[in-house]
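Structure first, then comments.
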Amino acid sequence: MKIVQIIQSETRDACEKLFSFTPQDRQIQVQLTNKDFEGQLTVVVFPLTKQAKLAPEACGEKLGQYFAEHVPEITGYNIIKGFLNLTIADRYWSDAVQQALKTGNYGFSEPDSKPLVLVEYSSPNTNKPLHLGHLRNIFLGYSVAEILKAAGHQVKKVQIINDRGIHICKSMVAWKHFGKGETPESSDMKGDKLVGKYYVAFDRRHKAEIAEEMEDGLTKEEAEKNAPIMREAQQMLQRWEQKDPEVVELWQKMNGWVYKGFDETYAKMGVDFDHLYYESETYLKGKQEVARGLEEGIFFQKEDGSVWIDLSDEGLDQKLLQRSDGTAVYMTQDIGTAIQRNDDYPQISKVVYTVGNEQEYHFKVLFAILKKLGYEWAENCHHLSYGMVELPEGKMKSREGTVVDADDLMDEMIGSAQSIAEELGKLEGMSEEEQQVLYHQIGLAALKYFLLKVDAKKNMLFDPVESIDFNGNTGPFLQYAHARISSLLRKAGDNAQKNVSENISLIEAERQLALKIDRFPDVLSEAANNQSPAELANFLYELVKDYNHFYQVVPVLKEENEDLRAFRIQLSKATAVILKKGLKLLGIESPQQM
RNA sequence: GGCUCCGUAGCUUAACUGGAUAGAGCACCGCACUACGGAUGCGGAGGUUCGGGGUUCGAAUCCCUGCGGAGUCACCA
């Protein structure tokens with residue numbers, strides 16, 4: 001049994017025997033001992049004092065005595081104010097580390113032992129390339145999915161591709177006008193970039209036309225709608241919904257270019273999906289639901305034919321579900337997609353939508369609508385919301401043109417990794433190809449770790465220079481620690497297999513490191529519960545810091561006492577194992593040499 | 001304006017969900033080590049946790065209020 005659980009259950013027993021009451025779980029608080037005091041784990045006695053009818057110190061003293069007498073794993077205690085600090089037996093730590101090494105997939109739960117969770121992430125529009133904002137989304141969604149898997153859930157990674165709508169029509173119209181038949185091949189351009197170029201071209205023309213119309217006396221709003229190129233895009237959307245062959249063919253062609261480009265980008269990111277959903281395949285289901293809701297009086301129709309829902313009784317507004325010209329909007333297809341997924345996977349226990357916090361309102365509305373439509377599983381839908389990524393120069397927003405392209409950023413990170421690695425010159429014996437792989441691993445680690453270590457709900461600032469700095473709380477710093485331990489383990493040979501005698505005496509640095517190793521399974525399940533890669537990332541950083549400290553203060557391979565040497569090698573190995581698995585859950589590779 | 005989220009050292013951030021003297025990294029100053037990989041470790045300085053009230057044994061965390069920032073309230077997605 002884990003030491004934390006032992007302490008919890010012994011505290012309960014002690015309360016029953018000493019004070020004649022049974023505490024609630026929440027009254028038993030075990031936390032890490034503050035580093036200024038002796039001990040590794042601490043029981044907070046305040047919550048118990050009232051029912052124990054004792055002052056905090058006296059209460060702690062009684063508990064401490066009880067532990068010293070009844071619990072072999074506890075060898076000492078001290079009380080500071082209302083905190084009972086416990087010193088755990090060295091024997092426990094050495095056993096725990098050996099146990100961790102013997103356990104296959106240490107920290108992970110039995111695969112598929114928990115119900116199915118769908119994790120949606122990325123969800124791109126097919127009218128432009130992926131950018132910095134997508135990176136946070138994609139790394140976050142991927143990592144949450146991997147963490148849930150590690151915690152034993154069945155997981156499907158899904159993506160909804162927003163492949164239809166006015167946005168793609170804009171690119172299509174612009175390509176028809178200005179494209180002169182340009183293709184990714186003819187221009188040697190990635191397909192998503194090419195289509196993005198025409199989206200920008202549309203916008204430029206649209207703005208010019210608005211200016212003209214406004215000179216003719218129209219208001220800005222009127223001009224925006226009335227601009228010829230915009231009207232053309234809207235007509236194209238209607239023709240698309242009517243399955244006009246010419247429009248459909250162009251749509252397929254341009255989307256095909258985009259998918260090819262996305263696939264390349266996803267491959268570079270190292271992420272994947274189990275099931276792709278296309279808005280073009282689910283929006284009709286959404287429209288059916290809109291029709292049904294209208295019939296049943298859940299929705300209502302305005303004079304112009306547009307369909308709405310009134311959610312003002314829930315503190316929300318009225319929301320459009322279908323345009324007056326009969327075409328579908330974003331909400332329409334999201335309704336259809338949600339239903340489709342539950343049809344595909346009836347055993348779903350939860351759906352996680354990884355989408356930026358600017359869409360919080362949208363998802364509130366969506367879930368409310370699904371509930372009104374009578375779908376009880378609406379309760380299981382969860383919006384995993386994350387904050388904006390800003391850059392040092394100012395905010396990054398796609399509509400304002402200051403986008404940072406995902407491919408460009410990744411390439412830049414890989415380039416930085418290369419120049420730093422070359423300068424350090426430690427890659428002897430690696431082939432050119434291996435080196436390229438390594439630069440990629442390091443560059444992506446810097447990027448992923450930096451984006452994931454911050455609490456998802458916060459807006460964050462991405463500083464490319466700081467992220468690749470290999471000191472401090474960064475991905476490459478963790479990778480380096482792993483590479484260094486790997487090197488040490490290569491030299492250690494089979495020493496790690498040796499059983500350690502029972503009576504070694506440890507120093508505090510070793511206990512602290514063992515404590516971290518012991519806690520890993522709990523941290524992992526907490527990260528899963530909270531859908532928080534950041535918790536895992538910060539734990540790994542703490543682990544590495546404790547390891548580096550340990551590594552600095554005692555010899556490992558040069559230790560003369562055989563038992564101690566073996567134990568230290570095991571500590572190193574357990575650290576490396578956890579580090580590698582933990583980083584993997586963040587989507588980060590752990591090279592052997594760097 | 002309504003609603004939601006955020007505000008912690010110069011900068012980037014953490015705080016086990018209400019627990020000890022609010023931890024770290026970067027930058028700055030200093031130190032250790034023939035180092036098992038220095039992409040290291042140790043120390044110093046740097047905080048009225050945006051201001052003001054309240055709740056309690058105890059508040060960065062919960063409540064009220066003011067200020068500041070972001071998002072949203074589209075026949076965009």
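Going through the structure tokens in order, the chains are called A, B, and so on, while each chain numbers its residues from 1 and the ligands are numbered from 1 in the order shown.
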Exercise. Within 9 Å of U8 of chain B, counting only C-alpha atoms (C1' of nucleotides), which residues show up once you throw out same-chain ones fewer than 5 positions away? Write them as a list in words, please.
Key: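 So the residues in contact are U13, A22, G47, U49 and A60 of chain B.
Residues of chain A lying within 6 Å of chain B, counting only C-alpha atoms (C1' of nucleotides), are Arg323, Glu358, Phe470, Gly472, Asn473, Arg484, Gln552 and Leu557 of chain A.
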Practice problem: Write down as a ChimeraX atom specification the residues of segment 310-373 of chain A whose backbone DSSP state falls under helix (DSSP H, G or I). | Solution: /A:312-314,330-344,357-372
Exercise. Find the residues near segment 64-67 of chain B: any atom within 9 Å, counting only C-alpha atoms (C1' of nucleotides), skip ones fewer than 4 places away on the same chain, and give them as a PyMOL selection string.
Key: chain B and resi 50-54
Quiz item: If you count only C-alpha atoms (C1' of nucleotides), which residues fall within 12 Å of Thr22 of chain A, apart from same-chain ones fewer than 4 positions away, as a list in words?
Solution: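 Those residues are Ser9, Glu10, Thr11, Arg12, Asp13, Ala14, Cys15, Glu16, Lys17, Leu18, Arg26, Gln27, Ile28, Leu48, Gln51 and Ala52 of chain A.
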Taking all heavy atoms for each residue, export the selection above as a CSV table (one decimal), in the first residue's frame.
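And here is the file that came out, part_33.csv:
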```csv
chain,number,residue,atom,x,y,z
A,9,SER,N,-5.4,5.9,6.4
A,9,SER,CA,-6.2,4.9,7.1
A,9,SER,C,-5.8,4.8,8.6
A,9,SER,O,-6.6,4.6,9.4
A,9,SER,CB,-6.2,3.6,6.4
A,9,SER,OG,-5.1,2.8,6.8
A,10,GLU,N,-4.5,5.0,8.8
A,10,GLU,CA,-4.1,5.0,10.2
A,10,GLU,C,-4.6,6.2,11.0
A,10,GLU,O,-4.9,6.2,12.2
A,10,GLU,CB,-2.5,5.0,10.3
A,10,GLU,CG,-1.9,3.7,9.8
A,10,GLU,CD,-2.2,2.5,10.7
A,10,GLU,OE1,-2.6,2.7,11.9
A,10,GLU,OE2,-2.1,1.3,10.2
A,11,THR,N,-4.7,7.4,10.3
A,11,THR,CA,-5.3,8.5,10.9
A,11,THR,C,-6.7,8.3,11.3
A,11,THR,O,-7.2,8.7,12.4
A,11,THR,CB,-5.2,9.8,10.0
A,11,THR,OG1,-3.8,9.9,9.6
A,11,THR,CG2,-5.7,11.0,10.7
A,12,ARG,N,-7.4,7.6,10.4
A,12,ARG,CA,-8.8,7.3,10.7
A,12,ARG,C,-8.9,6.4,12.0
A,12,ARG,O,-9.6,6.7,12.9
A,12,ARG,CB,-9.5,6.6,9.6
A,12,ARG,CG,-11.0,6.3,9.8
A,12,ARG,CD,-11.7,5.7,8.6
A,12,ARG,NE,-11.8,6.7,7.6
A,12,ARG,CZ,-11.0,6.7,6.4
A,12,ARG,NH1,-10.2,5.8,6.2
A,12,ARG,NH2,-11.2,7.7,5.5
A,13,ASP,N,-8.1,5.3,12.0
A,13,ASP,CA,-8.1,4.4,13.1
A,13,ASP,C,-7.7,5.2,14.4
A,13,ASP,O,-8.3,4.9,15.4
A,13,ASP,CB,-7.0,3.3,12.9
A,13,ASP,CG,-7.5,2.3,11.8
A,13,ASP,OD1,-8.6,2.5,11.3
A,13,ASP,OD2,-6.7,1.5,11.4
A,14,ALA,N,-6.7,6.0,14.3
A,14,ALA,CA,-6.3,6.7,15.5
A,14,ALA,C,-7.4,7.6,16.0
A,14,ALA,O,-7.6,7.7,17.3
A,14,ALA,CB,-5.0,7.6,15.1
A,15,CYS,N,-8.1,8.3,15.2
A,15,CYS,CA,-9.2,9.1,15.6
A,15,CYS,C,-10.3,8.3,16.3
A,15,CYS,O,-10.8,8.7,17.3
A,15,CYS,CB,-9.8,9.9,14.5
A,15,CYS,SG,-8.8,11.2,13.9
A,16,GLU,N,-10.6,7.1,15.8
A,16,GLU,CA,-11.6,6.3,16.4
A,16,GLU,C,-11.1,5.8,17.7
A,16,GLU,O,-11.9,5.8,18.7
A,16,GLU,CB,-11.9,5.1,15.5
A,16,GLU,CG,-12.7,5.5,14.3
A,16,GLU,CD,-12.9,4.4,13.2
A,16,GLU,OE1,-12.2,3.3,13.3
A,16,GLU,OE2,-13.6,4.6,12.3
A,17,LYS,N,-9.8,5.4,17.8
A,17,LYS,CA,-9.4,4.8,19.1
A,17,LYS,C,-9.1,5.9,20.1
A,17,LYS,O,-9.4,5.7,21.3
A,17,LYS,CB,-8.1,4.0,18.8
A,17,LYS,CG,-8.5,2.7,18.1
A,17,LYS,CD,-7.3,1.7,18.0
A,17,LYS,CE,-7.7,0.5,17.2
A,17,LYS,NZ,-6.8,0.2,16.1
A,18,LEU,N,-8.5,7.0,19.7
A,18,LEU,CA,-8.0,8.0,20.7
A,18,LEU,C,-9.1,8.9,21.0
A,18,LEU,O,-9.3,9.4,22.2
A,18,LEU,CB,-6.8,8.8,20.1
A,18,LEU,CG,-5.6,8.0,19.8
A,18,LEU,CD1,-4.6,8.9,19.1
A,18,LEU,CD2,-5.0,7.4,21.1
A,26,ARG,N,-12.5,14.1,3.9
A,26,ARG,CA,-12.0,15.5,3.6
A,26,ARG,C,-11.3,16.1,4.8
A,26,ARG,O,-10.6,17.0,4.8
A,26,ARG,CB,-13.1,16.4,3.1
A,26,ARG,CG,-14.3,16.4,4.0
A,26,ARG,CD,-15.3,17.4,3.5
A,26,ARG,NE,-14.6,18.7,3.5
A,26,ARG,CZ,-14.9,19.7,2.6
A,26,ARG,NH1,-15.8,19.4,1.7
A,26,ARG,NH2,-14.3,20.8,2.7
A,27,GLN,N,-11.6,15.5,6.0
A,27,GLN,CA,-10.9,16.0,7.2
A,27,GLN,C,-9.5,15.4,7.3
A,27,GLN,O,-8.7,15.9,8.1
A,27,GLN,CB,-11.7,15.5,8.4
A,27,GLN,CG,-13.0,16.4,8.7
A,27,GLN,CD,-13.7,15.8,9.9
A,27,GLN,OE1,-14.5,14.9,9.7
A,27,GLN,NE2,-13.6,16.5,11.0
A,28,ILE,N,-9.2,14.4,6.6
A,28,ILE,CA,-7.9,13.8,6.7
A,28,ILE,C,-7.0,14.3,5.6
A,28,ILE,O,-7.2,13.9,4.4
A,28,ILE,CB,-7.9,12.2,6.6
A,28,ILE,CG1,-8.8,11.7,7.8
A,28,ILE,CG2,-6.5,11.7,6.7
A,28,ILE,CD1,-9.0,10.2,7.7
A,48,LEU,N,-9.2,18.2,12.6
A,48,LEU,CA,-9.6,17.1,13.5
A,48,LEU,C,-9.8,17.6,15.0
A,48,LEU,O,-10.4,17.0,15.8
A,48,LEU,CB,-8.5,16.0,13.6
A,48,LEU,CG,-8.2,15.4,12.2
A,48,LEU,CD1,-6.9,14.6,12.3
A,48,LEU,CD2,-9.4,14.6,11.7
A,51,GLN,N,-13.4,17.9,16.9
A,51,GLN,CA,-14.1,16.7,17.4
A,51,GLN,C,-13.2,15.9,18.4
A,51,GLN,O,-13.6,15.2,19.2
A,51,GLN,CB,-14.4,15.8,16.2
A,51,GLN,CG,-15.7,16.2,15.5
A,51,GLN,CD,-15.9,15.6,14.2
A,51,GLN,OE1,-15.2,16.0,13.2
A,51,GLN,NE2,-16.7,14.7,14.0
A,52,ALA,N,-11.8,16.1,18.2
A,52,ALA,CA,-10.9,15.5,19.2
A,52,ALA,C,-10.9,16.2,20.5
A,52,ALA,O,-10.4,15.7,21.5
A,52,ALA,CB,-9.5,15.5,18.6
```
Quiz prompt | Which residue of A:Gln8, A:Thr332, A:Ser94, A:Gln24 approaches Ile507 of chain A most closely, using only C-alpha atoms | solution =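 Of A:Gln8, A:Thr332, A:Ser94, A:Gln24, the one nearest Ile507 of chain A, counting only C-alpha atoms, is A:Ser94.
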Exercise. Give me, please, the distance in Å between atom CA of Gln479 of chain A and atom CA of Met413 of chain A, quoted to one decimal.
Key: 15.3 Å
Self-check item: For Arg341 of chain A: contacts at 12 Å, only C-alpha atoms (C1' of nucleotides), fewer than 4 positions along chain excluded, given as a PyMOL selection string
Solution: chain A and resi 117-120+156-160+275-278+281-282+285+334-337+345-351+377-378+381
Could you write out that same residue set with N, CA, C and O atoms as a compact mmCIF listing (two decimals), in the first residue's frame?
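Output file selection09.txt is given in full below:
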```txt
# COMPACT_ATOMS: atom_id res chain seq x y z
N VAL A 117 -14.20 7.75 -23.70
CA VAL A 117 -14.24 9.21 -23.77
C VAL A 117 -13.85 9.61 -25.19
O VAL A 117 -12.88 9.10 -25.74
N LEU A 118 -14.63 10.50 -25.78
CA LEU A 118 -14.24 11.09 -27.06
C LEU A 118 -13.55 12.41 -26.80
O LEU A 118 -14.07 13.25 -26.07
N VAL A 119 -12.39 12.58 -27.39
CA VAL A 119 -11.70 13.86 -27.26
C VAL A 119 -11.62 14.50 -28.64
O VAL A 119 -10.98 13.96 -29.54
N GLU A 120 -12.29 15.62 -28.78
CA GLU A 120 -12.23 16.34 -30.04
C GLU A 120 -11.19 17.44 -29.95
O GLU A 120 -11.15 18.19 -28.98
N LYS A 156 -11.26 7.80 -27.90
CA LYS A 156 -11.21 8.03 -29.34
C LYS A 156 -10.87 9.49 -29.57
O LYS A 156 -11.53 10.38 -29.04
N LYS A 157 -9.82 9.70 -30.36
CA LYS A 157 -9.45 11.07 -30.72
C LYS A 157 -10.20 11.42 -31.98
O LYS A 157 -10.07 10.73 -32.99
N VAL A 158 -10.99 12.45 -31.91
CA VAL A 158 -11.78 12.81 -33.09
C VAL A 158 -11.54 14.25 -33.49
O VAL A 158 -11.06 15.08 -32.71
N GLN A 159 -11.93 14.52 -34.71
CA GLN A 159 -11.73 15.85 -35.26
C GLN A 159 -12.99 16.17 -36.05
O GLN A 159 -13.51 15.31 -36.73
N ILE A 160 -13.49 17.38 -35.92
CA ILE A 160 -14.57 17.78 -36.81
C ILE A 160 -13.97 18.76 -37.80
O ILE A 160 -13.36 19.75 -37.42
N HIS A 275 -10.86 9.08 -35.62
CA HIS A 275 -12.09 9.18 -36.39
C HIS A 275 -12.28 10.64 -36.83
O HIS A 275 -12.28 11.54 -36.01
N LEU A 276 -12.43 10.82 -38.13
CA LEU A 276 -12.66 12.16 -38.65
C LEU A 276 -14.14 12.37 -38.94
O LEU A 276 -14.78 11.51 -39.53
N TYR A 277 -14.65 13.49 -38.51
CA TYR A 277 -16.01 13.86 -38.87
C TYR A 277 -15.93 15.07 -39.78
O TYR A 277 -15.09 15.95 -39.59
N TYR A 278 -16.80 15.07 -40.79
CA TYR A 278 -16.84 16.19 -41.72
C TYR A 278 -18.18 16.90 -41.57
O TYR A 278 -19.22 16.26 -41.61
N GLU A 281 -20.88 16.15 -43.85
CA GLU A 281 -21.62 14.90 -43.70
C GLU A 281 -22.57 14.92 -42.50
O GLU A 281 -23.32 13.97 -42.29
N THR A 282 -22.46 15.94 -41.66
CA THR A 282 -23.33 15.96 -40.48
C THR A 282 -24.32 17.13 -40.48
O THR A 282 -25.25 17.13 -39.69
N LYS A 285 -27.99 16.21 -40.93
CA LYS A 285 -28.59 15.68 -39.71
C LYS A 285 -28.98 16.84 -38.79
O LYS A 285 -30.04 16.81 -38.17
N ASP A 334 -23.07 21.48 -35.62
CA ASP A 334 -22.59 20.98 -34.33
C ASP A 334 -23.64 20.11 -33.67
O ASP A 334 -23.32 19.14 -32.98
N ILE A 335 -24.90 20.46 -33.86
CA ILE A 335 -25.98 19.62 -33.34
C ILE A 335 -25.95 18.27 -34.03
O ILE A 335 -25.97 17.22 -33.39
N GLY A 336 -25.84 18.31 -35.37
CA GLY A 336 -25.79 17.07 -36.13
C GLY A 336 -24.60 16.21 -35.76
O GLY A 336 -24.72 14.99 -35.60
N THR A 337 -23.44 16.83 -35.60
CA THR A 337 -22.23 16.07 -35.28
C THR A 337 -22.36 15.39 -33.92
O THR A 337 -21.98 14.22 -33.76
N TYR A 345 -21.08 5.83 -31.33
CA TYR A 345 -20.51 5.25 -30.10
C TYR A 345 -21.53 5.34 -28.97
O TYR A 345 -21.45 6.23 -28.13
N PRO A 346 -22.47 4.41 -28.93
CA PRO A 346 -23.53 4.51 -27.92
C PRO A 346 -22.99 4.40 -26.50
O PRO A 346 -23.65 4.82 -25.55
N GLN A 347 -21.80 3.85 -26.34
CA GLN A 347 -21.26 3.63 -25.00
C GLN A 347 -20.47 4.82 -24.47
O GLN A 347 -19.83 4.72 -23.42
N ILE A 348 -20.51 5.94 -25.18
CA ILE A 348 -19.78 7.14 -24.75
C ILE A 348 -20.11 7.51 -23.31
O ILE A 348 -21.28 7.56 -22.94
N SER A 349 -19.10 7.82 -22.53
CA SER A 349 -19.37 8.32 -21.18
C SER A 349 -19.15 9.83 -21.12
O SER A 349 -19.62 10.49 -20.21
N LYS A 350 -18.39 10.34 -22.09
CA LYS A 350 -18.05 11.74 -22.03
C LYS A 350 -17.48 12.20 -23.37
O LYS A 350 -16.78 11.44 -24.03
N VAL A 351 -17.81 13.43 -23.73
CA VAL A 351 -17.18 14.03 -24.91
C VAL A 351 -16.45 15.29 -24.47
O VAL A 351 -17.04 16.15 -23.80
N TRP A 377 -27.72 12.67 -22.96
CA TRP A 377 -26.26 12.65 -22.94
C TRP A 377 -25.65 14.03 -23.06
O TRP A 377 -24.42 14.18 -22.98
N ALA A 378 -26.47 15.03 -23.27
CA ALA A 378 -25.94 16.40 -23.30
C ALA A 378 -25.18 16.71 -22.01
O ALA A 378 -24.23 17.50 -22.00
N CYS A 381 -21.39 16.18 -22.16
CA CYS A 381 -20.56 16.98 -23.05
C CYS A 381 -19.80 18.03 -22.24
O CYS A 381 -20.38 18.70 -21.39
```
Self-check item: Contacts of U55 of chain B within 12 Å, only C-alpha atoms (C1' of nucleotides), excl. fewer than 4 positions in-chain, as a list in words
Solution: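 Listed by chain and then number, they are G18, A59, C62, C63 and C64 of chain B.
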Output of the above residues as a JSON list (two decimals), in the first residue's frame, restricted to N, CA and C atoms (P, O5', C5', C4', C3', O3' and C1' of nucleotides):
```json
[["chain", "number", "residue", "atom", "x", "y", "z"],
["B", 18, "G", "P", -10.91, 24.82, -2.01],
["B", 18, "G", "O5'", -10.25, 25.77, -0.93],
["B", 18, "G", "C5'", -9.01, 26.42, -1.18],
["B", 18, "G", "C4'", -8.21, 26.49, 0.11],
["B", 18, "G", "C3'", -8.06, 25.15, 0.83],
["B", 18, "G", "O3'", -6.86, 25.10, 1.58],
["B", 18, "G", "C1'", -9.11, 26.65, 2.23],
["B", 59, "A", "P", -5.99, 33.93, 6.73],
["B", 59, "A", "O5'", -6.26, 32.86, 5.57],
["B", 59, "A", "C5'", -5.18, 32.39, 4.77],
["B", 59, "A", "C4'", -5.42, 32.69, 3.30],
["B", 59, "A", "C3'", -5.43, 34.18, 2.97],
["B", 59, "A", "O3'", -4.90, 34.35, 1.66],
["B", 59, "A", "C1'", -7.49, 33.25, 2.37],
["B", 62, "C", "P", -11.68, 31.43, -5.57],
["B", 62, "C", "O5'", -12.72, 31.37, -4.36],
["B", 62, "C", "C5'", -13.51, 30.21, -4.16],
["B", 62, "C", "C4'", -14.56, 30.49, -3.11],
["B", 62, "C", "C3'", -15.22, 31.86, -3.21],
["B", 62, "C", "O3'", -16.28, 31.86, -4.14],
["B", 62, "C", "C1'", -14.56, 31.48, -0.98],
["B", 63, "C", "P", -16.70, 33.19, -4.89],
["B", 63, "C", "O5'", -17.45, 34.00, -3.75],
["B", 63, "C", "C5'", -18.71, 33.57, -3.26],
["B", 63, "C", "C4'", -19.26, 34.62, -2.32],
["B", 63, "C", "C3'", -19.26, 36.04, -2.88],
["B", 63, "C", "O3'", -20.39, 36.29, -3.69],
["B", 63, "C", "C1'", -18.32, 36.05, -0.71],
["B", 64, "C", "P", -20.27, 37.36, -4.86],
["B", 64, "C", "O5'", -20.23, 38.74, -4.06],
["B", 64, "C", "C5'", -21.37, 39.20, -3.34],
["B", 64, "C", "C4'", -21.06, 40.51, -2.66],
["B", 64, "C", "C3'", -20.50, 41.60, -3.57],
["B", 64, "C", "O3'", -21.52, 42.26, -4.30],
["B", 64, "C", "C1'", -19.21, 41.50, -1.60]]
```
